[in-house]
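Student: The file below is coords.txt, compact mmCIF, C-alpha atoms:
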```txt
# COMPACT_ATOMS: atom_id res chain seq x y z
CA MET A 31 20.85 40.05 -12.84
CA LYS A 32 24.26 39.19 -11.40
CA ILE A 33 24.17 36.92 -8.36
CA LEU A 34 27.15 36.51 -6.05
CA GLY A 35 27.03 33.03 -4.49
CA ILE A 36 29.02 32.54 -1.29
CA ASP A 37 29.94 29.46 0.72
CA PRO A 38 31.48 30.99 3.87
CA GLY A 39 34.43 29.54 5.73
CA MET A 40 37.54 30.65 7.58
CA ALA A 41 40.09 28.62 5.60
CA ILE A 42 38.19 28.71 2.30
CA VAL A 43 35.40 30.98 1.08
CA GLY A 44 33.89 29.66 -2.13
CA TYR A 45 32.37 32.28 -4.41
CA CYS A 46 30.88 32.64 -7.85
CA ILE A 47 29.27 35.26 -10.05
CA LEU A 48 26.29 34.09 -12.10
CA GLU A 49 24.44 36.05 -14.75
CA TYR A 50 20.76 35.13 -14.66
CA ASN A 51 18.11 36.40 -17.08
CA GLU A 52 14.96 34.34 -16.36
CA LYS A 53 15.93 31.75 -19.01
CA ASN A 54 19.67 31.21 -18.84
CA ILE A 55 22.29 30.94 -16.15
CA VAL A 56 25.85 31.77 -17.14
CA LEU A 57 28.82 31.32 -14.83
CA LEU A 58 30.89 34.51 -15.20
CA ASN A 59 33.54 33.64 -12.63
CA SER A 60 34.18 31.39 -9.67
CA GLY A 61 36.95 30.78 -7.23
CA SER A 62 37.94 30.80 -3.61
CA ILE A 63 39.44 33.04 -1.00
CA ARG A 64 41.95 30.97 0.96
CA THR A 65 43.45 32.08 4.23
CA SER A 66 46.45 30.52 5.93
CA LYS A 67 45.97 28.79 9.26
CA ASP A 68 49.42 30.13 10.13
CA ASN A 69 47.93 33.64 10.37
CA LYS A 70 45.93 34.81 13.37
CA GLU A 71 42.16 35.08 13.02
CA PRO A 72 42.03 38.90 12.76
CA CYS A 73 44.43 38.81 9.77
CA ARG A 74 42.43 36.04 8.12
CA LEU A 75 39.18 37.95 8.59
CA LEU A 76 40.75 41.09 7.14
CA GLU A 77 41.92 39.10 4.12
CA ILE A 78 38.36 37.83 3.57
CA PHE A 79 37.04 41.39 3.94
CA GLU A 80 39.50 42.82 1.41
CA ASP A 81 39.15 40.01 -1.14
CA MET A 82 35.35 40.03 -0.94
CA SER A 83 35.39 43.81 -1.39
CA ALA A 84 37.55 43.44 -4.51
CA ILE A 85 35.18 40.82 -5.98
CA ILE A 86 32.17 43.07 -5.36
CA GLU A 87 33.90 46.12 -6.84
CA LYS A 88 34.92 44.18 -9.95
CA TYR A 89 31.62 42.38 -10.69
CA LYS A 90 29.03 44.69 -9.08
CA PRO A 91 26.49 41.97 -8.21
CA ASP A 92 22.80 42.81 -7.87
CA ALA A 93 22.24 40.28 -5.08
CA ALA A 94 24.15 37.85 -2.91
CA SER A 95 23.09 34.38 -1.86
CA VAL A 96 24.93 33.15 1.21
CA GLU A 97 24.87 29.78 2.92
CA LYS A 98 23.14 30.05 6.26
CA LEU A 99 24.67 28.31 9.26
CA TYR A 100 22.05 25.80 10.23
CA PHE A 101 23.69 22.80 11.82
CA PHE A 102 27.37 22.22 12.24
CA LYS A 103 28.95 18.81 12.80
CA ASN A 104 32.35 20.14 13.86
CA GLN A 105 31.87 22.24 16.99
CA LYS A 106 35.54 23.25 16.86
CA THR A 107 35.15 25.22 13.62
CA ILE A 108 31.69 26.75 14.04
CA MET A 109 32.90 29.98 15.67
CA PRO A 110 35.59 30.79 13.06
CA VAL A 111 33.11 30.06 10.25
CA ALA A 112 30.50 32.25 11.95
CA HIS A 113 33.10 35.04 12.27
CA ALA A 114 33.99 34.75 8.57
CA ARG A 115 30.30 34.77 7.65
CA GLY A 116 29.82 37.91 9.75
CA VAL A 117 32.65 39.67 7.92
CA ILE A 118 31.14 38.63 4.57
CA LEU A 119 27.72 39.99 5.59
CA ALA A 120 29.37 43.24 6.72
CA VAL A 121 31.07 43.65 3.32
CA LEU A 122 27.76 43.01 1.54
CA GLY A 123 26.11 45.59 3.81
CA LYS A 124 28.87 48.11 3.12
CA TYR A 125 28.14 47.88 -0.62
CA GLY A 126 24.36 47.82 -0.17
CA ILE A 127 23.95 44.40 -1.78
CA PRO A 128 20.72 42.58 -0.86
CA VAL A 129 21.47 39.32 0.94
CA PHE A 130 19.45 36.12 0.62
CA GLU A 131 20.29 33.22 2.90
CA TYR A 132 19.75 29.50 2.29
CA THR A 133 20.50 26.46 4.42
CA PRO A 134 22.29 23.52 2.81
CA MET A 135 19.03 21.57 3.02
CA GLU A 136 17.14 24.32 1.16
CA VAL A 137 19.80 24.40 -1.58
CA LYS A 138 19.63 20.62 -2.01
CA GLN A 139 15.83 20.71 -2.07
CA VAL A 140 15.74 23.38 -4.78
CA LEU A 141 18.43 21.79 -6.96
CA THR A 142 17.58 18.09 -6.61
CA GLY A 143 14.08 17.95 -5.14
CA TYR A 144 15.44 16.20 -2.04
CA GLY A 145 16.79 18.09 0.97
CA ARG A 146 19.14 15.31 2.02
CA ALA A 147 20.70 14.72 -1.39
CA GLU A 148 24.33 13.67 -1.59
CA LYS A 149 27.00 16.16 -2.67
CA LYS A 150 27.48 14.27 -5.97
CA GLU A 151 23.78 14.65 -6.83
CA VAL A 152 24.00 18.40 -6.23
CA GLN A 153 27.10 18.61 -8.44
CA VAL A 154 25.27 16.80 -11.27
CA MET A 155 22.40 19.30 -11.05
CA VAL A 156 24.78 22.28 -10.94
CA LYS A 157 26.53 21.01 -14.08
CA HIS A 158 23.14 20.49 -15.75
CA ALA A 159 22.00 24.03 -14.82
CA LEU A 160 25.19 25.41 -16.38
CA ASN A 161 24.64 23.45 -19.60
CA GLY A 162 27.49 21.03 -19.01
CA VAL A 163 30.21 23.54 -18.14
CA ASN A 164 33.12 21.86 -16.36
CA LEU A 165 32.83 22.46 -12.64
CA PRO A 166 35.66 23.76 -10.45
CA LYS A 167 37.51 21.08 -8.52
CA LEU A 168 37.05 22.71 -5.12
CA ASP A 169 33.82 21.66 -3.34
CA ASP A 170 33.48 25.07 -1.67
CA THR A 171 33.38 26.78 -5.05
CA VAL A 172 30.84 24.30 -6.44
CA ASP A 173 28.75 24.86 -3.30
CA SER A 174 28.79 28.62 -3.94
CA ILE A 175 27.48 28.00 -7.45
CA ALA A 176 24.71 25.77 -6.06
CA ILE A 177 23.75 28.52 -3.59
CA ALA A 178 23.58 31.11 -6.41
CA ILE A 179 21.51 28.78 -8.60
CA CYS A 180 19.19 28.19 -5.64
CA HIS A 181 18.61 31.94 -5.45
CA SER A 182 17.95 32.19 -9.18
CA ARG A 183 15.17 29.65 -8.72
CA SER A 184 13.71 31.06 -5.53
CA LYS A 185 10.68 33.29 -5.24
CA GLN A 186 12.62 35.96 -3.35
CA GLU A 187 13.22 39.15 -5.29
CA VAL A 188 15.84 41.82 -5.00
CA ALA A 189 14.34 44.76 -3.11
```
How would this structure read if it were set down as structure tokens?

Tutor:
Amino acid sequence: MKILGIDPGMAIVGYCILEYNEKNIVLLNSGSIRTSKDNKEPCRLLEIFEDMSAIIEKYKPDAASVEKLYFFKNQKTIMPVAHARGVILAVLGKYGIPVFEYTPMEVKQVLTGYGRAEKKEVQVMVKHALNGVNLPKLDDTVDSIAIAICHSRSKQEVA
């Protein structure tokens, strides 16, 4: 099964494609969609829509795991992130990809056993799950991998 992991954002959308077969997890690709703050929001959302569509068309994932907005520290950025997340969900719906949502606390709980784990602890567990593969430098991309691994270990099944 191919899982598309997504960490939504307006400036940066982290994504990954994992291949999961009940025993092994293989990272097929990872990266980020970056939009310029110099562009107006509609243009940035369209860029996310188009880039996410291209990723889906290229990799044809069986399921998507997306970070759920649960609590946001920065009230100034919550609306743009919510808009970007909405566009991402619309793209997934357009392609008929089942969506599974996880809060950051759920991801940390599944990967480390502790829902309030530090980012570094999550990164260690992501690297371990990928058999020591070097992780991307960008936190958003690593977060997308953690979200996809969380789904691979969850009890939810693709409908």

Student: With only C-alpha atoms as the basis for distance, which of A:Glu148, A:Asp68, A:Glu49, A:Asp37 is at the shortest distance from A:Asp173?

Tutor: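 Selected residue with least distance to A:Asp173: A:Asp37.
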
Student: Can you list, as a ChimeraX atom specification, every protein, DNA or RNA residue that comes within 9 Å of A:Ile175 when you count all atoms listed in the file, leaving out same-chain residues fewer than 2 positions away?

Tutor: /A:34-37,44-48,57,60,156,170-173,177-180

Student: With all atoms listed in the file as the basis for distance, which of A:Gly162, A:Pro110, A:Pro91, A:Gly143 is at the shortest distance from A:Ala41?

Tutor: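 Ranked by minimum distance to A:Ala41, first place goes to A:Pro110.
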
Student: Figure out the distance between atom CA of A:Ile127 and atom CA of A:Lys53, please, to one decimal in Å.

Tutor: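 Computing it gives 22.8 Å between the two atoms.
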
Student: If I take atom CA of A:Lys67 and atom CA of A:Thr107, how far is one from the other in Å, to one decimal?

Tutor: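 Taking atom CA of A:Lys67 and atom CA of A:Thr107, their separation equals 12.2 Å.
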
Student: Would you mind listing what lies within 10 Å of A:Val43 as a short mmCIF file (atom, residue, chain, number, x, y, z; two decimals) with C-alpha atoms, keeping the file's coordinate frame, with only C-alpha atoms counted and same-chain residues fewer than 4 positions away left out?

Tutor:
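File produced: part.cif:
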```
data_model
loop_
_atom_site.label_atom_id
_atom_site.label_comp_id
_atom_site.auth_asym_id
_atom_site.auth_seq_id
_atom_site.Cartn_x
_atom_site.Cartn_y
_atom_site.Cartn_z
CA ILE A 36 29.02 32.54 -1.29
CA ASP A 37 29.94 29.46 0.72
CA PRO A 38 31.48 30.99 3.87
CA GLY A 39 34.43 29.54 5.73
CA GLY A 61 36.95 30.78 -7.23
CA SER A 62 37.94 30.80 -3.61
CA ILE A 63 39.44 33.04 -1.00
CA ARG A 64 41.95 30.97 0.96
CA THR A 65 43.45 32.08 4.23
CA ILE A 78 38.36 37.83 3.57
CA MET A 82 35.35 40.03 -0.94
CA VAL A 111 33.11 30.06 10.25
CA ALA A 114 33.99 34.75 8.57
CA ARG A 115 30.30 34.77 7.65
CA ILE A 118 31.14 38.63 4.57
CA ASP A 170 33.48 25.07 -1.67
CA THR A 171 33.38 26.78 -5.05
CA SER A 174 28.79 28.62 -3.94
#
```

Student: When you count all atoms listed in the file, which of these residues is closest to A:Asp81: A:Val117, A:Gln139, A:Met155, A:Leu160?

Tutor: A:Val117

Student: From the list A:Ser182, A:Gln153, A:Asn51, A:Ser83, which residue is nearest A:Gly123 when using only C-alpha atoms?

Tutor: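 For A:Gly123, the nearest of the candidates is A:Ser83.
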
Student: Taking into account all atoms listed in the file, which residue in the set A:Ile86, A:Ala94, A:Ile55, A:Leu99 is nearest to A:Ala112?

Tutor: A:Leu99

Student: Taking into account only C-alpha atoms, which residue in the set A:Ile108, A:Val163, A:Ala176, A:Val154 is nearest to A:Lys138?

Tutor: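 Using only C-alpha atoms, A:Lys138 sits closest to A:Ala176.
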
Student: Rounded to one decimal place, report the atom CA of A:Val129-atom CA of A:Val96 distance in Å.

Tutor: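 Separating atom CA of A:Val129 from atom CA of A:Val96 is a distance of 7.1 Å.
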
Student: Give me, as a PDB file with C-alpha atoms, keeping the file's coordinate frame, all polymer residues having an atom no more than 10 Å from A:Glu136, counting all atoms listed in the file and skipping those fewer than 2 positions away in the same chain.

Tutor:
```pdb
ATOM      1  CA  GLU A  97      24.870  29.780   2.920  1.00  0.00           C
ATOM      2  CA  LYS A  98      23.140  30.050   6.260  1.00  0.00           C
ATOM      3  CA  GLU A 131      20.290  33.220   2.900  1.00  0.00           C
ATOM      4  CA  TYR A 132      19.750  29.500   2.290  1.00  0.00           C
ATOM      5  CA  THR A 133      20.500  26.460   4.420  1.00  0.00           C
ATOM      6  CA  PRO A 134      22.290  23.520   2.810  1.00  0.00           C
ATOM      7  CA  LYS A 138      19.630  20.620  -2.010  1.00  0.00           C
ATOM      8  CA  GLN A 139      15.830  20.710  -2.070  1.00  0.00           C
ATOM      9  CA  VAL A 140      15.740  23.380  -4.780  1.00  0.00           C
ATOM     10  CA  LEU A 141      18.430  21.790  -6.960  1.00  0.00           C
ATOM     11  CA  THR A 142      17.580  18.090  -6.610  1.00  0.00           C
ATOM     12  CA  GLY A 143      14.080  17.950  -5.140  1.00  0.00           C
ATOM     13  CA  TYR A 144      15.440  16.200  -2.040  1.00  0.00           C
ATOM     14  CA  GLY A 145      16.790  18.090   0.970  1.00  0.00           C
ATOM     15  CA  ARG A 146      19.140  15.310   2.020  1.00  0.00           C
ATOM     16  CA  ILE A 177      23.750  28.520  -3.590  1.00  0.00           C
ATOM     17  CA  CYS A 180      19.190  28.190  -5.640  1.00  0.00           C
TER      18      CYS A 180
END
```
